[in-house]
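Student: What follows is the file structure09.tsv, containing TSV, N, CA and C atoms:
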```
chain	number	residue	atom	x	y	z
W	1	MET	N	-19.40	0.73	-13.17
W	1	MET	CA	-18.20	1.07	-12.42
W	1	MET	C	-16.95	0.77	-13.24
W	2	ASP	N	-16.94	-0.37	-13.96
W	2	ASP	CA	-15.79	-0.71	-14.79
W	2	ASP	C	-15.51	0.39	-15.81
W	3	GLU	N	-16.58	0.95	-16.37
W	3	GLU	CA	-16.42	1.99	-17.38
W	3	GLU	C	-15.78	3.24	-16.77
W	4	ILE	N	-16.21	3.60	-15.57
W	4	ILE	CA	-15.65	4.79	-14.91
W	4	ILE	C	-14.17	4.59	-14.63
W	5	LEU	N	-13.83	3.44	-14.04
W	5	LEU	CA	-12.42	3.18	-13.73
W	5	LEU	C	-11.59	3.04	-15.00
W	6	GLY	N	-12.18	2.47	-16.03
W	6	GLY	CA	-11.48	2.38	-17.31
W	6	GLY	C	-11.18	3.75	-17.88
W	7	ASN	N	-12.13	4.65	-17.78
W	7	ASN	CA	-11.91	6.02	-18.25
W	7	ASN	C	-10.84	6.72	-17.43
W	8	LEU	N	-10.81	6.47	-16.14
W	8	LEU	CA	-9.77	7.07	-15.29
W	8	LEU	C	-8.39	6.61	-15.72
W	9	SER	N	-8.26	5.35	-16.08
W	9	SER	CA	-6.94	4.82	-16.43
W	9	SER	C	-6.39	5.46	-17.71
W	10	ASN	N	-7.25	6.09	-18.50
W	10	ASN	CA	-6.79	6.73	-19.74
W	10	ASN	C	-6.35	8.17	-19.54
W	11	LEU	N	-6.55	8.72	-18.36
W	11	LEU	CA	-6.20	10.12	-18.10
W	11	LEU	C	-4.72	10.26	-17.74
W	12	ASP	N	-4.20	11.49	-17.85
W	12	ASP	CA	-2.83	11.73	-17.39
W	12	ASP	C	-2.80	11.61	-15.87
W	13	THR	N	-1.63	11.48	-15.31
W	13	THR	CA	-1.46	11.17	-13.89
W	13	THR	C	-2.16	12.17	-12.97
W	14	ASP	N	-2.00	13.46	-13.21
W	14	ASP	CA	-2.62	14.47	-12.33
W	14	ASP	C	-4.14	14.42	-12.39
W	15	ALA	N	-4.68	14.31	-13.59
W	15	ALA	CA	-6.14	14.24	-13.73
W	15	ALA	C	-6.67	12.95	-13.11
W	16	ARG	N	-5.98	11.85	-13.35
W	16	ARG	CA	-6.40	10.56	-12.78
W	16	ARG	C	-6.44	10.64	-11.26
W	17	GLU	N	-5.40	11.23	-10.67
W	17	GLU	CA	-5.33	11.36	-9.22
W	17	GLU	C	-6.49	12.22	-8.70
W	18	PHE	N	-6.77	13.33	-9.36
W	18	PHE	CA	-7.85	14.22	-8.95
W	18	PHE	C	-9.20	13.50	-9.00
W	19	TYR	N	-9.51	12.86	-10.11
W	19	TYR	CA	-10.81	12.23	-10.27
W	19	TYR	C	-10.94	10.96	-9.41
W	20	LEU	N	-9.85	10.28	-9.20
W	20	LEU	CA	-9.91	9.11	-8.32
W	20	LEU	C	-10.21	9.53	-6.89
W	21	ARG	N	-9.57	10.60	-6.43
W	21	ARG	CA	-9.89	11.12	-5.09
W	21	ARG	C	-11.35	11.53	-4.99
W	22	ALA	N	-11.84	12.19	-6.03
W	22	ALA	CA	-13.24	12.61	-6.03
W	22	ALA	C	-14.17	11.40	-5.99
W	23	LEU	N	-13.84	10.39	-6.78
W	23	LEU	CA	-14.65	9.17	-6.80
W	23	LEU	C	-14.65	8.49	-5.44
W	24	LEU	N	-13.48	8.40	-4.81
W	24	LEU	CA	-13.39	7.77	-3.50
W	24	LEU	C	-14.15	8.58	-2.45
W	25	THR	N	-14.13	9.89	-2.56
W	25	THR	CA	-14.86	10.74	-1.62
W	25	THR	C	-16.36	10.50	-1.76
W	26	VAL	N	-16.85	10.52	-2.98
W	26	VAL	CA	-18.27	10.29	-3.21
W	26	VAL	C	-18.65	8.87	-2.77
W	27	ALA	N	-17.81	7.90	-3.08
W	27	ALA	CA	-18.08	6.52	-2.67
W	27	ALA	C	-18.14	6.42	-1.16
W	28	GLY	N	-17.26	7.14	-0.47
W	28	GLY	CA	-17.28	7.14	0.99
W	28	GLY	C	-18.56	7.71	1.55
W	29	LEU	N	-19.03	8.76	0.94
W	29	LEU	CA	-20.27	9.39	1.40
W	29	LEU	C	-21.47	8.46	1.19
W	30	ARG	N	-21.39	7.61	0.20
W	30	ARG	CA	-22.50	6.70	-0.10
W	30	ARG	C	-22.28	5.30	0.46
W	31	GLY	N	-21.17	5.11	1.21
W	31	GLY	CA	-20.90	3.80	1.80
W	31	GLY	C	-20.47	2.76	0.79
W	32	LEU	N	-19.82	3.17	-0.28
W	32	LEU	CA	-19.44	2.24	-1.35
W	32	LEU	C	-17.93	2.06	-1.49
W	33	GLU	N	-17.16	2.43	-0.45
W	33	GLU	CA	-15.70	2.36	-0.56
W	33	GLU	C	-15.21	0.97	-0.93
W	34	GLU	N	-15.78	-0.04	-0.26
W	34	GLU	CA	-15.32	-1.41	-0.50
W	34	GLU	C	-15.53	-1.83	-1.94
W	35	MET	N	-16.67	-1.47	-2.52
W	35	MET	CA	-16.95	-1.84	-3.90
W	35	MET	C	-15.95	-1.16	-4.84
W	36	ILE	N	-15.68	0.12	-4.61
W	36	ILE	CA	-14.74	0.86	-5.46
W	36	ILE	C	-13.35	0.26	-5.34
W	37	GLU	N	-12.92	-0.02	-4.11
W	37	GLU	CA	-11.59	-0.59	-3.90
W	37	GLU	C	-11.48	-1.96	-4.57
W	38	GLU	N	-12.51	-2.78	-4.46
W	38	GLU	CA	-12.48	-4.10	-5.08
W	38	GLU	C	-12.38	-3.99	-6.60
W	39	GLU	N	-13.16	-3.10	-7.18
W	39	GLU	CA	-13.11	-2.92	-8.63
W	39	GLU	C	-11.76	-2.36	-9.07
W	40	ALA	N	-11.21	-1.43	-8.30
W	40	ALA	CA	-9.92	-0.83	-8.66
W	40	ALA	C	-8.81	-1.87	-8.63
W	41	ARG	N	-8.89	-2.82	-7.70
W	41	ARG	CA	-7.87	-3.88	-7.62
W	41	ARG	C	-7.85	-4.75	-8.86
W	42	LYS	N	-8.98	-4.87	-9.53
W	42	LYS	CA	-9.08	-5.72	-10.72
W	42	LYS	C	-8.47	-5.06	-11.95
W	43	MET	N	-8.19	-3.78	-11.86
W	43	MET	CA	-7.77	-3.04	-13.04
W	43	MET	C	-6.31	-2.62	-12.95
W	44	PRO	N	-5.66	-2.45	-14.09
W	44	PRO	CA	-4.26	-2.00	-14.07
W	44	PRO	C	-4.09	-0.63	-13.45
W	45	LEU	N	-5.19	0.05	-13.20
W	45	LEU	CA	-5.16	1.37	-12.58
W	45	LEU	C	-4.43	1.32	-11.24
W	46	LEU	N	-4.56	0.22	-10.49
W	46	LEU	CA	-3.93	0.12	-9.18
W	46	LEU	C	-2.42	0.25	-9.29
W	47	ASN	N	-1.82	-0.35	-10.30
W	47	ASN	CA	-0.37	-0.22	-10.46
W	47	ASN	C	0.03	1.23	-10.66
W	48	ASP	N	-0.76	1.98	-11.41
W	48	ASP	CA	-0.49	3.39	-11.60
W	48	ASP	C	-0.60	4.15	-10.28
W	49	ILE	N	-1.55	3.78	-9.46
W	49	ILE	CA	-1.73	4.44	-8.17
W	49	ILE	C	-0.52	4.19	-7.29
W	50	LEU	N	-0.04	2.95	-7.25
W	50	LEU	CA	1.11	2.63	-6.41
W	50	LEU	C	2.36	3.38	-6.86
W	51	GLU	N	2.46	3.67	-8.15
W	51	GLU	CA	3.61	4.40	-8.66
W	51	GLU	C	3.43	5.91	-8.55
W	52	ASN	N	2.22	6.34	-8.24
W	52	ASN	CA	1.95	7.77	-8.11
W	52	ASN	C	2.70	8.34	-6.92
W	53	ARG	N	3.28	9.52	-7.09
W	53	ARG	CA	4.13	10.07	-6.04
W	53	ARG	C	3.36	10.42	-4.77
W	54	VAL	N	2.07	10.72	-4.87
W	54	VAL	CA	1.28	11.04	-3.69
W	54	VAL	C	0.56	9.80	-3.15
W	55	LEU	N	-0.25	9.19	-3.98
W	55	LEU	CA	-1.03	8.04	-3.51
W	55	LEU	C	-0.15	6.85	-3.19
W	56	GLY	N	0.88	6.63	-3.98
W	56	GLY	CA	1.81	5.53	-3.71
W	56	GLY	C	2.53	5.72	-2.39
W	57	ARG	N	2.92	6.94	-2.11
W	57	ARG	CA	3.60	7.24	-0.85
W	57	ARG	C	2.68	6.97	0.33
W	58	GLU	N	1.41	7.34	0.22
W	58	GLU	CA	0.46	7.10	1.30
W	58	GLU	C	0.19	5.62	1.49
W	59	PHE	N	0.12	4.89	0.39
W	59	PHE	CA	-0.06	3.44	0.49
W	59	PHE	C	1.13	2.81	1.20
W	60	LYS	N	2.34	3.22	0.81
W	60	LYS	CA	3.54	2.67	1.44
W	60	LYS	C	3.58	3.03	2.93
W	61	ARG	N	3.17	4.23	3.27
W	61	ARG	CA	3.16	4.64	4.68
W	61	ARG	C	2.26	3.71	5.49
W	62	GLY	N	1.09	3.37	4.94
W	62	GLY	CA	0.18	2.45	5.62
W	62	GLY	C	0.77	1.06	5.75
W	63	GLU	N	1.38	0.57	4.66
W	63	GLU	CA	2.03	-0.74	4.69
W	63	GLU	C	3.13	-0.76	5.75
W	64	LEU	N	3.92	0.29	5.78
W	64	LEU	CA	5.03	0.38	6.71
W	64	LEU	C	4.54	0.40	8.16
W	65	SER	N	3.50	1.15	8.42
W	65	SER	CA	2.94	1.24	9.77
W	65	SER	C	2.43	-0.12	10.24
W	66	LEU	N	1.70	-0.79	9.40
W	66	LEU	CA	1.18	-2.11	9.75
W	66	LEU	C	2.31	-3.11	9.96
W	67	LEU	N	3.29	-3.11	9.07
W	67	LEU	CA	4.40	-4.04	9.19
W	67	LEU	C	5.20	-3.80	10.46
W	68	ARG	N	5.43	-2.54	10.80
W	68	ARG	CA	6.15	-2.22	12.05
W	68	ARG	C	5.40	-2.80	13.25
W	69	ARG	N	4.09	-2.67	13.26
W	69	ARG	CA	3.30	-3.22	14.38
W	69	ARG	C	3.41	-4.73	14.44
W	70	LEU	N	3.37	-5.38	13.29
W	70	LEU	CA	3.49	-6.84	13.26
W	70	LEU	C	4.86	-7.30	13.77
W	71	ILE	N	5.90	-6.61	13.31
W	71	ILE	CA	7.27	-6.96	13.73
W	71	ILE	C	7.43	-6.75	15.23
W	72	GLU	N	6.94	-5.63	15.74
W	72	GLU	CA	7.05	-5.35	17.17
W	72	GLU	C	6.27	-6.37	18.00
W	73	GLU	N	5.12	-6.78	17.51
W	73	GLU	CA	4.33	-7.78	18.22
W	73	GLU	C	5.05	-9.13	18.25
W	74	ARG	N	5.71	-9.44	17.16
W	74	ARG	CA	6.39	-10.75	17.04
W	74	ARG	C	7.75	-10.77	17.73
W	75	PHE	N	8.55	-9.70	17.54
W	75	PHE	CA	9.95	-9.73	17.99
W	75	PHE	C	10.29	-8.68	19.05
W	76	GLY	N	9.36	-7.84	19.42
W	76	GLY	CA	9.66	-6.77	20.37
W	76	GLY	C	10.11	-5.51	19.64
W	77	PRO	N	10.68	-4.55	20.38
W	77	PRO	CA	11.10	-3.28	19.77
W	77	PRO	C	12.02	-3.50	18.57
W	78	ILE	N	11.80	-2.69	17.56
W	78	ILE	CA	12.58	-2.81	16.32
W	78	ILE	C	13.91	-2.09	16.48
W	79	PRO	N	15.03	-2.81	16.27
W	79	PRO	CA	16.33	-2.14	16.34
W	79	PRO	C	16.49	-1.13	15.20
W	80	GLN	N	17.35	-0.15	15.38
W	80	GLN	CA	17.52	0.90	14.38
W	80	GLN	C	17.93	0.35	13.02
W	81	TRP	N	18.82	-0.65	13.01
W	81	TRP	CA	19.26	-1.20	11.72
W	81	TRP	C	18.08	-1.78	10.94
W	82	ALA	N	17.11	-2.39	11.65
W	82	ALA	CA	15.94	-2.95	10.98
W	82	ALA	C	15.00	-1.84	10.52
W	83	ALA	N	14.82	-0.82	11.35
W	83	ALA	CA	13.97	0.32	10.97
W	83	ALA	C	14.52	1.00	9.72
W	84	ASP	N	15.84	1.13	9.64
W	84	ASP	CA	16.47	1.73	8.46
W	84	ASP	C	16.20	0.90	7.21
W	85	ARG	N	16.27	-0.40	7.35
W	85	ARG	CA	16.00	-1.28	6.20
W	85	ARG	C	14.54	-1.21	5.77
W	86	LEU	N	13.64	-1.06	6.72
W	86	LEU	CA	12.21	-1.00	6.38
W	86	LEU	C	11.90	0.20	5.50
W	87	VAL	N	12.40	1.37	5.86
W	87	VAL	CA	12.04	2.58	5.11
W	87	VAL	C	12.64	2.59	3.71
W	88	GLU	N	13.65	1.76	3.48
W	88	GLU	CA	14.26	1.68	2.14
W	88	GLU	C	13.46	0.80	1.19
W	89	ARG	N	12.54	0.00	1.72
W	89	ARG	CA	11.81	-0.98	0.91
W	89	ARG	C	10.67	-0.34	0.13
W	90	SER	N	10.37	-0.94	-1.02
W	90	SER	CA	9.21	-0.52	-1.81
W	90	SER	C	7.95	-1.09	-1.19
W	91	ALA	N	6.80	-0.65	-1.65
W	91	ALA	CA	5.53	-1.17	-1.14
W	91	ALA	C	5.43	-2.67	-1.38
W	92	ALA	N	5.87	-3.14	-2.54
W	92	ALA	CA	5.84	-4.58	-2.84
W	92	ALA	C	6.76	-5.36	-1.91
W	93	GLU	N	7.93	-4.81	-1.62
W	93	GLU	CA	8.86	-5.48	-0.71
W	93	GLU	C	8.31	-5.50	0.72
W	94	LEU	N	7.63	-4.45	1.12
W	94	LEU	CA	7.01	-4.43	2.45
W	94	LEU	C	5.93	-5.49	2.54
W	95	GLU	N	5.17	-5.65	1.48
W	95	GLU	CA	4.13	-6.68	1.46
W	95	GLU	C	4.75	-8.06	1.60
W	96	GLU	N	5.84	-8.31	0.91
W	96	GLU	CA	6.54	-9.59	1.01
W	96	GLU	C	7.06	-9.82	2.43
W	97	LEU	N	7.61	-8.79	3.06
W	97	LEU	CA	8.06	-8.92	4.45
W	97	LEU	C	6.89	-9.23	5.37
W	98	GLY	N	5.72	-8.71	5.06
W	98	GLY	CA	4.54	-8.98	5.85
W	98	GLY	C	4.19	-10.45	5.88
W	99	VAL	N	4.45	-11.14	4.79
W	99	VAL	CA	4.24	-12.59	4.73
W	99	VAL	C	5.37	-13.30	5.46
W	100	ARG	N	6.58	-12.84	5.26
W	100	ARG	CA	7.73	-13.48	5.88
W	100	ARG	C	7.74	-13.34	7.40
W	101	VAL	N	7.14	-12.27	7.93
W	101	VAL	CA	7.13	-12.07	9.38
W	101	VAL	C	6.38	-13.21	10.08
W	102	LEU	N	5.49	-13.86	9.36
W	102	LEU	CA	4.75	-14.98	9.94
W	102	LEU	C	5.61	-16.23	10.12
W	103	LYS	N	6.66	-16.34	9.31
W	103	LYS	CA	7.47	-17.56	9.32
W	103	LYS	C	8.85	-17.38	9.97
W	104	ALA	N	9.34	-16.16	10.00
W	104	ALA	CA	10.68	-15.92	10.51
W	104	ALA	C	10.75	-16.22	12.01
W	105	ARG	N	11.86	-16.82	12.44
W	105	ARG	CA	12.04	-17.14	13.86
W	105	ARG	C	12.71	-15.99	14.62
W	106	THR	N	13.45	-15.16	13.89
W	106	THR	CA	14.13	-14.00	14.51
W	106	THR	C	13.99	-12.81	13.57
W	107	ILE	N	14.26	-11.63	14.10
W	107	ILE	CA	14.21	-10.44	13.26
W	107	ILE	C	15.35	-10.46	12.24
W	108	GLU	N	16.47	-11.04	12.63
W	108	GLU	CA	17.59	-11.16	11.69
W	108	GLU	C	17.21	-12.06	10.52
W	109	GLU	N	16.50	-13.14	10.80
W	109	GLU	CA	16.05	-14.04	9.73
W	109	GLU	C	15.05	-13.35	8.82
W	110	LEU	N	14.22	-12.50	9.40
W	110	LEU	CA	13.23	-11.77	8.60
W	110	LEU	C	13.91	-10.92	7.54
W	111	PHE	N	15.02	-10.29	7.89
W	111	PHE	CA	15.70	-9.38	6.94
W	111	PHE	C	16.82	-10.05	6.17
W	112	ALA	N	17.03	-11.34	6.36
W	112	ALA	CA	18.12	-12.05	5.66
W	112	ALA	C	17.82	-12.22	4.19
```
Show me, as structure tokens, the structure contained in the file I just sent.
Tutor:
Amino acid sequence: MDEILGNLSNLDTDAREFYLRALLTVAGLRGLEEMIEEEARKMPLLNDILENRVLGREFKRGELSLLRRLIEERFGPIPQWAADRLVERSAAELEELGVRVLKARTIEELFA
């Protein structure tokens, strides 16, 4: 598996995206998604995926959806000013907010 993912990381962005999707599809059919995801996390390939205009956008959408649910569960409905700030954040910043939501006492403190 390391060899396959290593070879993917050497491809141009479009080819890498195509073959990674194919690999994930085949892995899904064989029940191996978790193994593929775990191996991909160990490789610099993941950073390329997060920066990819398609896959990175989908990852951020998932992060944003989960974070919105956590914020709403903790603080109630999200005010528009907070929703606006959320969509401006990068995937890494959303991940950091996900940790901070556990400690913040108010929604204002979360975004301070």
Student: Compile the contact shell of Ala22 (chain W) as a compact mmCIF listing (two decimals) with N, CA and C atoms, in the coordinates of the input: residues with an atom at most 12 Å away, counting only C-alpha atoms, same-chain residues fewer than 6 positions apart removed.
Tutor:
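File written: result_13.txt
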```txt
# COMPACT_ATOMS: atom_id res chain seq x y z
N LEU W 8 -10.81 6.47 -16.14
CA LEU W 8 -9.77 7.07 -15.29
C LEU W 8 -8.39 6.61 -15.72
N ALA W 15 -4.68 14.31 -13.59
CA ALA W 15 -6.14 14.24 -13.73
C ALA W 15 -6.67 12.95 -13.11
N ARG W 16 -5.98 11.85 -13.35
CA ARG W 16 -6.40 10.56 -12.78
C ARG W 16 -6.44 10.64 -11.26
N GLY W 28 -17.26 7.14 -0.47
CA GLY W 28 -17.28 7.14 0.99
C GLY W 28 -18.56 7.71 1.55
N LEU W 29 -19.03 8.76 0.94
CA LEU W 29 -20.27 9.39 1.40
C LEU W 29 -21.47 8.46 1.19
N GLU W 33 -17.16 2.43 -0.45
CA GLU W 33 -15.70 2.36 -0.56
C GLU W 33 -15.21 0.97 -0.93
N ILE W 36 -15.68 0.12 -4.61
CA ILE W 36 -14.74 0.86 -5.46
C ILE W 36 -13.35 0.26 -5.34
```
Student: When you look at region 66-77 of chain W with a cut-off of 6.5 Å (counting all atoms listed in the file), what residues show up, excluding the ones that are within fewer than 4 positions of it in the same chain? I need them as a VMD selection string.
Tutor: chain W and resid 61 to 62 98 107
Student: How far is it from atom N of Asp84 (chain W) to atom C of Ala104 (chain W), in Å with one decimal?
Tutor: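 Value for the atom N of Asp84 (chain W)-atom C of Ala104 (chain W) distance: 18.2 Å.
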Student: Please extract the residues of region 69-107 of chain W with a backbone DSSP assignment of alpha helix (DSSP H) and present them as a list in words.
Tutor: Arg69, Leu70, Ile71, Glu72, Glu73, Arg74, Phe75, Gln80, Trp81, Ala82, Ala83, Asp84, Arg85, Leu86, Val87, Glu88, Ala91, Ala92, Glu93, Leu94, Glu95, Glu96, Leu97, Gly98, Val99, Arg100 and Ile107 of chain W
Student: Take the residues that were just selected and, keeping N, CA and C atoms, output them as a compact mmCIF listing (two decimals), keeping the file's coordinate frame.
Tutor:
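In the end it all went to out.txt:
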```txt
# COMPACT_ATOMS: atom_id res chain seq x y z
N ARG W 69 4.09 -2.67 13.26
CA ARG W 69 3.30 -3.22 14.38
C ARG W 69 3.41 -4.73 14.44
N LEU W 70 3.37 -5.38 13.29
CA LEU W 70 3.49 -6.84 13.26
C LEU W 70 4.86 -7.30 13.77
N ILE W 71 5.90 -6.61 13.31
CA ILE W 71 7.27 -6.96 13.73
C ILE W 71 7.43 -6.75 15.23
N GLU W 72 6.94 -5.63 15.74
CA GLU W 72 7.05 -5.35 17.17
C GLU W 72 6.27 -6.37 18.00
N GLU W 73 5.12 -6.78 17.51
CA GLU W 73 4.33 -7.78 18.22
C GLU W 73 5.05 -9.13 18.25
N ARG W 74 5.71 -9.44 17.16
CA ARG W 74 6.39 -10.75 17.04
C ARG W 74 7.75 -10.77 17.73
N PHE W 75 8.55 -9.70 17.54
CA PHE W 75 9.95 -9.73 17.99
C PHE W 75 10.29 -8.68 19.05
N GLN W 80 17.35 -0.15 15.38
CA GLN W 80 17.52 0.90 14.38
C GLN W 80 17.93 0.35 13.02
N TRP W 81 18.82 -0.65 13.01
CA TRP W 81 19.26 -1.20 11.72
C TRP W 81 18.08 -1.78 10.94
N ALA W 82 17.11 -2.39 11.65
CA ALA W 82 15.94 -2.95 10.98
C ALA W 82 15.00 -1.84 10.52
N ALA W 83 14.82 -0.82 11.35
CA ALA W 83 13.97 0.32 10.97
C ALA W 83 14.52 1.00 9.72
N ASP W 84 15.84 1.13 9.64
CA ASP W 84 16.47 1.73 8.46
C ASP W 84 16.20 0.90 7.21
N ARG W 85 16.27 -0.40 7.35
CA ARG W 85 16.00 -1.28 6.20
C ARG W 85 14.54 -1.21 5.77
N LEU W 86 13.64 -1.06 6.72
CA LEU W 86 12.21 -1.00 6.38
C LEU W 86 11.90 0.20 5.50
N VAL W 87 12.40 1.37 5.86
CA VAL W 87 12.04 2.58 5.11
C VAL W 87 12.64 2.59 3.71
N GLU W 88 13.65 1.76 3.48
CA GLU W 88 14.26 1.68 2.14
C GLU W 88 13.46 0.80 1.19
N ALA W 91 6.80 -0.65 -1.65
CA ALA W 91 5.53 -1.17 -1.14
C ALA W 91 5.43 -2.67 -1.38
N ALA W 92 5.87 -3.14 -2.54
CA ALA W 92 5.84 -4.58 -2.84
C ALA W 92 6.76 -5.36 -1.91
N GLU W 93 7.93 -4.81 -1.62
CA GLU W 93 8.86 -5.48 -0.71
C GLU W 93 8.31 -5.50 0.72
N LEU W 94 7.63 -4.45 1.12
CA LEU W 94 7.01 -4.43 2.45
C LEU W 94 5.93 -5.49 2.54
N GLU W 95 5.17 -5.65 1.48
CA GLU W 95 4.13 -6.68 1.46
C GLU W 95 4.75 -8.06 1.60
N GLU W 96 5.84 -8.31 0.91
CA GLU W 96 6.54 -9.59 1.01
C GLU W 96 7.06 -9.82 2.43
N LEU W 97 7.61 -8.79 3.06
CA LEU W 97 8.06 -8.92 4.45
C LEU W 97 6.89 -9.23 5.37
N GLY W 98 5.72 -8.71 5.06
CA GLY W 98 4.54 -8.98 5.85
C GLY W 98 4.19 -10.45 5.88
N VAL W 99 4.45 -11.14 4.79
CA VAL W 99 4.24 -12.59 4.73
C VAL W 99 5.37 -13.30 5.46
N ARG W 100 6.58 -12.84 5.26
CA ARG W 100 7.73 -13.48 5.88
C ARG W 100 7.74 -13.34 7.40
N ILE W 107 14.26 -11.63 14.10
CA ILE W 107 14.21 -10.44 13.26
C ILE W 107 15.35 -10.46 12.24
```
Student: Which one is closest to Arg89 (chain W): W:Glu39, W:Glu34, W:Tyr19, W:Leu64? Count only C-alpha atoms.
Tutor: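 Ranking W:Glu39, W:Glu34, W:Tyr19, W:Leu64 by distance to Arg89 (chain W), first place goes to W:Leu64.
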Student: May I ask which of the residues W:Ser65, W:Asn7, W:Thr25, W:Thr13 is the closest one to Val87 (chain W), counting only C-alpha atoms?
Tutor: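 Among the listed residues, the smallest separation from Val87 (chain W) belongs to W:Ser65.
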Student: Find the axis-aligned box for region 93-111 of chain W, covering all its listed atoms and adding 3 Å on each side, and write its centre and edge lengths in Å to one decimal as AutoDock Vina command-line options.
Tutor:
```
--center_x 10.9 --center_y -11.0 --center_z 6.5 --size_x 19.5 --size_y 19.1 --size_z 22.2
```
Student: Counting all atoms listed in the file, which residue out of W:Ser90, W:Met35, W:Leu102, W:Ala83 sits closest to Lys60 (chain W)?
Tutor: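 Among the listed residues, W:Ser90 lies closest to Lys60 (chain W).
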Student: Could you tell me how far CA of Leu97 (chain W) lies from CA of Ile78 (chain W), in Å and to one decimal?
Tutor: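 Computed distance, CA of Leu97 (chain W) to CA of Ile78 (chain W), equals 14.1 Å.
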Student: For atom C of Arg57 (chain W) and CA of Leu110 (chain W), determine how far apart the two atoms are, in Å to one decimal place.
Tutor: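 Separating atom C of Arg57 (chain W) from CA of Leu110 (chain W) is a distance of 23.0 Å.
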